[in-house]
Amino acid sequence: MEFETICVRGGEKEYDRTGALSVPIYQTAAFAHPGLGQSTGYDYSRSQNPTREYLEHVVAALENGTEAVAFSSGMASLTTLAALFAPGDHIIVSDDLYGGTHRLFTHLATQCGLVFTFMSTTDAALVAAAFRPATKAVFIETPTNPMMHVTDIAATAALCRERGVRLIVDNTFLTPVLQKPLVLGADIVMHSGTKYLGGHNDTLAGLLIVRDGALAEKLRYFSMSFGTGLSPFDSWLLIRGIKTLALRVRRQEENARRIATWLEGRPEIRALYYPGRKEHPQYEISCRQAQGFGAMISFEVADPSLVRQVLENVRVIRFAESLGGVDSLMTYPVLQTHADIPEEKRLAQGINDRLLRISVGIEAAADLIADLAQAFGD
Ligand SMILES: Cc1ncc(COP(=O)(O)O)c(C=O)c1O
């Protein structure tokens, strides 16, 4: 089946015998046993639930994985993933990173003995030099949140493979519509399903996708032990959202390209970060490894007082913290998504008081541009 068909039809897996077109929500904590020592395959929803299982089947197929595990949020998936590592293990991480991931990794470093090297992963030679005997994983976002740095996934995967180290890719920004890290050699793909996969800003979810059965089994065991699995209703929301994933992401990207072009010509803009611009330092890598550039744009305004003006005057675009849904949202990373990153580190990344981030939705691009124009004061 082609990607769009899997989104709608969910692959080959049947989920019940009634012919229901919408996957049933198995809203149950436990399942009765047919007899002593017998199981229907489901015992307790913390271990597995048919609605969650169906979602996992769909997402694994979309990412070209063999198995996926669904969690109650992106952060729940990362917290669970952390159980793969032991004190002393070393992990190389993109230095530009979602603030919550940075917060979790900092906690794991100070409280749990994991060792992180935060660095730019855009230069494979620098990454190669950062490996240590204790290195167990490389974790990248690409493009990064919010500065849109792009890492060469295949080159990084090759470095990891030579050393028996796992490559983990947060694929939240591009989704499997535009980028498939497992095909490029990554070992684990992570998603904040809250974003494009859900797509409607109405639920939180996280996903880990792998191609290694033994690794999937470990992750399921951790999920069952920690109780981090996704609820049946939220699983259903994701299944429904994914039906339109390909349409939404392509439309969002089309809108984003138009907005990026419009922003480029505005005198208020001092810097524009969008992987689809030819001037983007990793434009060639994006063209090679992804089928598009996504719908996230960050920009710096020349005059910091414009930040308040824009955030308080946008009407179609909403001033809110999330991304990836059908509604366009604008975020102020310094005070929101990246507030917990120490100032010095933040500023070194370019996350300053002039930086705004837009998650472009599916509205009419003309309305979004008109909204930005009036917020700029036209
Ligand atoms: C790139 C990225 N990864 C992970 C997360 C965390 O996901 P969640 O908010 O679903 O816990 C986010 C949230 O904004 C994100 O943007």
# chains A, B, ... in the order shown; residues from 1 in each chain; ligands from 1
>>> residues_near_ligand(ligand="ligand 1", cutoff="9 Å", atoms="only C-alpha atoms and all ligand atoms", output="MDAnalysis selection string")
chainID A and resid 72:78 97:101 141:146 170:173 190:195 203:206 321:324 337
>>> residues_around(residues="Val59 of chain A", least_positions_apart="2", cutoff="10 Å", atoms="only C-alpha atoms", output="list of chain:residue names")
A:Ile6, A:Cys7, A:Gly10, A:Gly11, A:Tyr54, A:Leu55, A:Glu56, A:His57, A:Ala61, A:Leu62, A:Glu63, A:Asn64, A:Gly65, A:Thr66, A:Glu67, A:Ala68, A:Val69, A:Ala70, A:Pro176, A:Leu197, A:Leu207, A:Leu208, A:Ile209, A:Leu238, A:Ile239, A:Ile242
>>> residues_around(residues="Tyr26 of chain A", least_positions_apart="6", cutoff="7 Å", atoms="only C-alpha atoms", output="compact mmCIF listing (two decimals) with N, CA and C atoms, in the first residue's frame")
# COMPACT_ATOMS: atom_id res chain seq x y z
N ASN A 49 -3.67 -2.48 24.71
CA ASN A 49 -5.10 -2.23 24.48
C ASN A 49 -5.29 -2.26 22.96
N PRO A 50 -6.37 -2.87 22.47
CA PRO A 50 -6.50 -3.03 21.01
C PRO A 50 -6.50 -1.71 20.24
N THR A 51 -7.03 -0.63 20.83
CA THR A 51 -7.05 0.65 20.10
C THR A 51 -5.63 1.19 19.99
N PRO A 232 -6.83 4.65 25.47
CA PRO A 232 -7.59 4.22 24.29
C PRO A 232 -8.21 5.40 23.53
>>> atom_distance(atom1="atom CA of Phe31 of chain A", atom2="atom CA of Ser47 of chain A")
11.1 Å
>>> atom_distance(atom1="atom CA of Tyr273 of chain A", atom2="atom CA of Val183 of chain A")
26.4 Å
>>> select_by_dssp(residues="segment 225-294 of chain A", states="strand (DSSP E)", output="VMD selection string")
chain A and resid 269 to 273
>>> write_last_selection(atoms="N, CA and C atoms", output="CSV table (one decimal), in the first residue's frame")
chain,number,residue,atom,x,y,z
A,269,ILE,N,12.0,42.1,9.4
A,269,ILE,CA,12.7,40.8,9.7
A,269,ILE,C,14.2,40.9,9.6
A,270,ARG,N,14.9,40.5,10.6
A,270,ARG,CA,16.3,40.6,10.7
A,270,ARG,C,17.0,39.3,10.3
A,271,ALA,N,16.3,38.2,10.6
A,271,ALA,CA,16.8,36.8,10.2
A,271,ALA,C,15.6,35.9,10.0
A,272,LEU,N,15.8,35.0,9.1
A,272,LEU,CA,14.7,34.1,8.8
A,272,LEU,C,15.3,32.6,8.7
A,273,TYR,N,14.6,31.8,9.5
A,273,TYR,CA,15.1,30.4,9.6
A,273,TYR,C,14.1,29.4,9.0
>>> residues_around(residues="Val169 of chain A", least_positions_apart="3", cutoff="7 Å", atoms="only C-alpha atoms", output="count of residues only")
8
>>> closest_residue(among="A:Pro281, A:Gly276, A:Pro34, A:Gly19", to="Ala295 of chain A", atoms="only C-alpha atoms")
A:Gly276
>>> residues_around(residues="Thr121 of chain A", least_positions_apart="2", cutoff="10 Å", atoms="only C-alpha atoms", output="JSON, numbers by chain")
{"A": [92, 93, 94, 95, 96, 118, 119, 123, 124, 125, 126, 127, 128, 130, 138, 139, 140, 141, 142, 149, 150, 151, 152, 153, 156]}
>>> select_by_dssp(residues="segment 102-349 of chain A", states="alpha helix (DSSP H)", output="VMD selection string")
chain A and resid 102 to 112 124 to 130 153 to 163 175 to 178 213 to 226 232 to 242 245 to 264 283 to 289 305 to 313 343 to 349
